[in-house]
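A.B. asks: Before I ask anything, let me first share the structure, which is written out below as structure tokens.
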Amino acid sequence: MGVKLRVKKYTSGTQTYYLDINTNNQRTFEFLDIKVDKNTSSDDKKQKRQLAENTAAKRQLEIEHNQHGFIPKHRKKVIFNDYYQAFLDSYKKNDTRIYKYAFVKFCEHTENKRIAASHINERLIEGYRDYLESKESGLHGETPHDYFSRFRRVLKRAYNDGLIAADTFLKISNISIKKNDTFLKKQILTIEELRILKGTKCGNEEVKRAFLFACFTGLGEAEIRKITWRKILKEGKITLFREKSGRPINNNLPSSAFDLLGKRGAPDDLIFSLPSNVAIGKNLKNWTKQAEIEKSISFYCGRHTYAVQLLKTGANLKTVADCLGHSTTKHTVKYLNFVDELKDEAISKIPSL
């Protein structure tokens, strides 16, 4: 760990000072706005060299302070909201949407207050975690875990950049949300249950039609709210991009889904007219209760149900991932836990001696 002052020489004869910084086995460089050229006098060279050495000593002191739980004065003023936004602006990987909405939920929880990075503490992060897991957040399943894990990565980055003290980071790094795969067990409907729901009256028939359509297409609420007839090709295919990931969907429509569409409208007409998220939740709850199905159903259950149905028909993981718009099978493999009959069928096919 340390800071070394170095000089970069150019062919023009100009020299610039820069710092070679090594912290936590990570090497970074900081170029100083201190230049010396052939016209610089000897006295000016000495003064600039001294200024560069002073800056190097200052950076060394800041690093040592940060290691012992202190934050340099100029970094205490950095607003965490701005820091997070700057991270989002520069982040280019596939999970950028998760980072984005983790920040959106953090702003909701903190009522859009601008918080200094140095004011991030254990109580604040615990409160954010509890909010993600609460009904007020509107999140379900693995989403709270995914949002919080990305948020923690930004906190770690802020710590490495010297914005969060070591003792504070040690406390907040132990705060987590356990990944919960068991939620799928109660949120997957069998084909028998779908038939019962089809024959049961729902308080909002548009919600009923849209939800059943989700169960046979794997589309989420966001896609179904926006889908127009232009996205339904006359040869019985659906083509669009997922709202959540931007991944393309280009699938054949099973007959059950096609029958739910009704009479074809103009290309830009919406196919479904859905009420608010809250109203959808209430309709689904009352509808399943009326059908005497004792499962906690959200709209996203339709997507899970579609995935399991595909597996039961013999589709492999890559096919299911493509149908769902997943970039890999990483998130698709979890559905295998809910298809016990596939395991039994596979074992029964082992030939005898």
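Ligands are numbered from 1 in the order shown, chains are lettered A, B, ... in the order of the structure tokens, and residues start at 1 in each chain.
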Give one line per residue of stretch 143-235 of chain A that approaches stretch 89-107 of chain A to at most 8 Å, naming the two atoms of the closest pair and their distance in Å to one decimal, counting only C-alpha atoms; sort by chain then ascending residue number and deliver it as a tab-separated table.

C.D. replies:
```
residue	atom	partner	partner_atom	distance
A:Asp146	CA	A:Ile98	CA	7.2
A:Tyr147	CA	A:Ala102	CA	4.7
A:Phe148	CA	A:Ala102	CA	6.7
A:Arg150	CA	A:Tyr99	CA	5.7
A:Phe151	CA	A:Ala102	CA	6.2
```

A.B. asks: Residues at most 12 Å from stretch 42-51 of chain A, counting only C-alpha atoms, excluding those fewer than 2 positions away in the same chain, as a ChimeraX atom specification?

C.D. replies: /A:5-7,14-18,32-40,53-58

A.B. asks: Take the residues from that selection and write them out as a compact mmCIF listing (two decimals), in the first residue's frame, keeping C-alpha atoms.

C.D. replies:
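And here's selection.txt as it stands now:
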```
# COMPACT_ATOMS: atom_id res chain seq x y z
CA LEU A 5 5.30 10.19 -7.38
CA ARG A 6 6.26 9.52 -10.98
CA VAL A 7 7.10 11.59 -14.06
CA THR A 14 7.25 18.31 -21.67
CA GLN A 15 7.00 16.39 -18.41
CA THR A 16 3.93 15.80 -16.25
CA TYR A 17 3.69 14.45 -12.72
CA TYR A 18 1.37 11.60 -11.79
CA LEU A 32 -1.71 15.86 -11.71
CA ASP A 33 -2.21 19.13 -13.52
CA ILE A 34 1.45 19.98 -13.00
CA LYS A 35 3.53 20.33 -16.16
CA VAL A 36 7.14 21.27 -16.81
CA ASP A 37 8.45 22.15 -20.27
CA LYS A 38 11.73 23.41 -21.69
CA ASN A 39 10.75 27.02 -21.04
CA THR A 40 10.11 26.47 -17.30
CA GLU A 53 5.45 15.89 -3.60
CA ASN A 54 3.00 17.62 -1.24
CA THR A 55 0.05 16.20 -3.21
CA ALA A 56 1.55 12.71 -3.05
CA ALA A 57 2.03 13.02 0.72
CA LYS A 58 -1.56 14.22 1.11
```

A.B. asks: Excluding same-chain residues fewer than 5 positions from A:Trp287, what lies within 12 Å of it counting only C-alpha atoms, as a list in words?

C.D. replies: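 Listed by chain and then number, they are Glu193, Leu194, Ile196, Leu197, Lys198, Gly199, Thr200, Lys201, Cys202, Gly203, Asn204, Glu205, Val207, Lys208, Phe211, Ile280, Gly281, Lys282, Glu292, Ile293, Glu294, Lys295, Ser296, Ile297 and Ser298 of chain A.
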
A.B. asks: Residues at most 10 Å from A:Ile177, counting only C-alpha atoms, excluding those fewer than 5 positions away in the same chain, as a list in words?

C.D. replies: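 What passes the distance filter is Arg129, Asp130, Leu132, Glu133, Glu142, Pro144, His145, Asp146, Tyr147, Phe148 and Ser149 of chain A.
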
A.B. asks: List as a ChimeraX atom specification the protein and nucleic acid residues near stretch 155-157 of chain A, meaning an atom at most 12 Å away when only C-alpha atoms are counted, but skip any in the same chain fewer than 5 places from it.

C.D. replies: /A:80-81,83-84,87,99,103,117-118,120-122,125,148-150,162-166,168-175

A.B. asks: Limited to N, CA and C atoms, could you put the picked residues into a file as a PDB file, in the first residue's frame?

C.D. replies:
```pdb
ATOM      1  N   PHE A  80     -24.099  10.698  -2.067  1.00  0.00           N
ATOM      2  CA  PHE A  80     -24.194   9.309  -2.507  1.00  0.00           C
ATOM      3  C   PHE A  80     -25.110   9.180  -3.721  1.00  0.00           C
ATOM      4  N   ASN A  81     -26.199   9.949  -3.760  1.00  0.00           N
ATOM      5  CA  ASN A  81     -27.124   9.902  -4.896  1.00  0.00           C
ATOM      6  C   ASN A  81     -26.398  10.228  -6.194  1.00  0.00           C
ATOM      7  N   TYR A  83     -23.152  10.019  -6.689  1.00  0.00           N
ATOM      8  CA  TYR A  83     -22.159   8.973  -6.907  1.00  0.00           C
ATOM      9  C   TYR A  83     -22.809   7.762  -7.589  1.00  0.00           C
ATOM     10  N   TYR A  84     -23.989   7.360  -7.102  1.00  0.00           N
ATOM     11  CA  TYR A  84     -24.696   6.205  -7.665  1.00  0.00           C
ATOM     12  C   TYR A  84     -25.111   6.502  -9.111  1.00  0.00           C
ATOM     13  N   PHE A  87     -22.271   6.206 -11.383  1.00  0.00           N
ATOM     14  CA  PHE A  87     -21.995   4.783 -11.614  1.00  0.00           C
ATOM     15  C   PHE A  87     -22.923   4.242 -12.698  1.00  0.00           C
ATOM     16  N   TYR A  99     -29.413  -2.635 -11.314  1.00  0.00           N
ATOM     17  CA  TYR A  99     -28.758  -1.558 -10.570  1.00  0.00           C
ATOM     18  C   TYR A  99     -29.638  -0.299 -10.566  1.00  0.00           C
ATOM     19  N   PHE A 103     -31.607   1.496  -7.237  1.00  0.00           N
ATOM     20  CA  PHE A 103     -31.446   2.911  -6.880  1.00  0.00           C
ATOM     21  C   PHE A 103     -32.799   3.606  -6.786  1.00  0.00           C
ATOM     22  N   ALA A 117     -22.418  10.518   1.212  1.00  0.00           N
ATOM     23  CA  ALA A 117     -21.891   9.153   1.330  1.00  0.00           C
ATOM     24  C   ALA A 117     -21.369   8.882   2.735  1.00  0.00           C
ATOM     25  N   SER A 118     -20.832   9.904   3.364  1.00  0.00           N
ATOM     26  CA  SER A 118     -20.296   9.737   4.721  1.00  0.00           C
ATOM     27  C   SER A 118     -21.394   9.519   5.756  1.00  0.00           C
ATOM     28  N   ILE A 120     -23.957   7.431   5.159  1.00  0.00           N
ATOM     29  CA  ILE A 120     -24.456   6.063   5.009  1.00  0.00           C
ATOM     30  C   ILE A 120     -24.084   5.288   6.268  1.00  0.00           C
ATOM     31  N   ASN A 121     -25.069   4.677   6.900  1.00  0.00           N
ATOM     32  CA  ASN A 121     -24.780   3.946   8.136  1.00  0.00           C
ATOM     33  C   ASN A 121     -25.601   2.659   8.209  1.00  0.00           C
ATOM     34  N   GLU A 122     -25.372   1.889   9.252  1.00  0.00           N
ATOM     35  CA  GLU A 122     -26.002   0.595   9.427  1.00  0.00           C
ATOM     36  C   GLU A 122     -27.528   0.709   9.488  1.00  0.00           C
ATOM     37  N   ILE A 125     -29.084   1.372   5.973  1.00  0.00           N
ATOM     38  CA  ILE A 125     -29.050   0.213   5.082  1.00  0.00           C
ATOM     39  C   ILE A 125     -29.997  -0.881   5.562  1.00  0.00           C
ATOM     40  N   PHE A 148     -30.914  -5.745  -3.673  1.00  0.00           N
ATOM     41  CA  PHE A 148     -30.043  -5.441  -2.534  1.00  0.00           C
ATOM     42  C   PHE A 148     -28.600  -5.876  -2.797  1.00  0.00           C
ATOM     43  N   SER A 149     -28.413  -6.995  -3.478  1.00  0.00           N
ATOM     44  CA  SER A 149     -27.050  -7.455  -3.762  1.00  0.00           C
ATOM     45  C   SER A 149     -26.336  -6.484  -4.688  1.00  0.00           C
ATOM     46  N   ARG A 150     -27.041  -5.912  -5.679  1.00  0.00           N
ATOM     47  CA  ARG A 150     -26.421  -4.916  -6.568  1.00  0.00           C
ATOM     48  C   ARG A 150     -26.129  -3.629  -5.798  1.00  0.00           C
ATOM     49  N   GLY A 162     -13.027   5.449  -0.990  1.00  0.00           N
ATOM     50  CA  GLY A 162     -12.770   6.274   0.182  1.00  0.00           C
ATOM     51  C   GLY A 162     -13.917   7.149   0.628  1.00  0.00           C
ATOM     52  N   LEU A 163     -15.153   6.791   0.241  1.00  0.00           N
ATOM     53  CA  LEU A 163     -16.318   7.604   0.603  1.00  0.00           C
ATOM     54  C   LEU A 163     -17.016   7.080   1.860  1.00  0.00           C
ATOM     55  N   ILE A 164     -16.763   5.826   2.199  1.00  0.00           N
ATOM     56  CA  ILE A 164     -17.367   5.210   3.374  1.00  0.00           C
ATOM     57  C   ILE A 164     -16.252   4.697   4.270  1.00  0.00           C
ATOM     58  N   ALA A 165     -16.341   5.008   5.553  1.00  0.00           N
ATOM     59  CA  ALA A 165     -15.299   4.608   6.505  1.00  0.00           C
ATOM     60  C   ALA A 165     -15.262   3.089   6.660  1.00  0.00           C
ATOM     61  N   ALA A 166     -14.077   2.577   7.012  1.00  0.00           N
ATOM     62  CA  ALA A 166     -13.874   1.127   7.115  1.00  0.00           C
ATOM     63  C   ALA A 166     -14.778   0.490   8.162  1.00  0.00           C
ATOM     64  N   THR A 168     -17.643   1.545   9.297  1.00  0.00           N
ATOM     65  CA  THR A 168     -19.035   1.588   8.830  1.00  0.00           C
ATOM     66  C   THR A 168     -19.281   0.508   7.787  1.00  0.00           C
ATOM     67  N   PHE A 169     -18.352   0.375   6.838  1.00  0.00           N
ATOM     68  CA  PHE A 169     -18.523  -0.622   5.782  1.00  0.00           C
ATOM     69  C   PHE A 169     -18.537  -2.031   6.356  1.00  0.00           C
ATOM     70  N   LEU A 170     -17.739  -2.267   7.389  1.00  0.00           N
ATOM     71  CA  LEU A 170     -17.703  -3.582   8.017  1.00  0.00           C
ATOM     72  C   LEU A 170     -19.075  -3.947   8.581  1.00  0.00           C
ATOM     73  N   LYS A 171     -19.763  -2.973   9.145  1.00  0.00           N
ATOM     74  CA  LYS A 171     -21.091  -3.216   9.718  1.00  0.00           C
ATOM     75  C   LYS A 171     -22.138  -3.453   8.634  1.00  0.00           C
ATOM     76  N   ILE A 172     -22.140  -2.587   7.613  1.00  0.00           N
ATOM     77  CA  ILE A 172     -23.189  -2.695   6.590  1.00  0.00           C
ATOM     78  C   ILE A 172     -22.946  -3.867   5.642  1.00  0.00           C
ATOM     79  N   SER A 173     -21.690  -4.346   5.547  1.00  0.00           N
ATOM     80  CA  SER A 173     -21.407  -5.469   4.649  1.00  0.00           C
ATOM     81  C   SER A 173     -21.990  -6.778   5.176  1.00  0.00           C
ATOM     82  N   ASN A 174     -22.362  -6.800   6.449  1.00  0.00           N
ATOM     83  CA  ASN A 174     -22.967  -7.999   7.038  1.00  0.00           C
ATOM     84  C   ASN A 174     -24.486  -8.033   6.892  1.00  0.00           C
ATOM     85  N   ILE A 175     -25.055  -6.969   6.341  1.00  0.00           N
ATOM     86  CA  ILE A 175     -26.501  -6.894   6.142  1.00  0.00           C
ATOM     87  C   ILE A 175     -26.838  -7.529   4.794  1.00  0.00           C
TER      88      ILE A 175
END
```
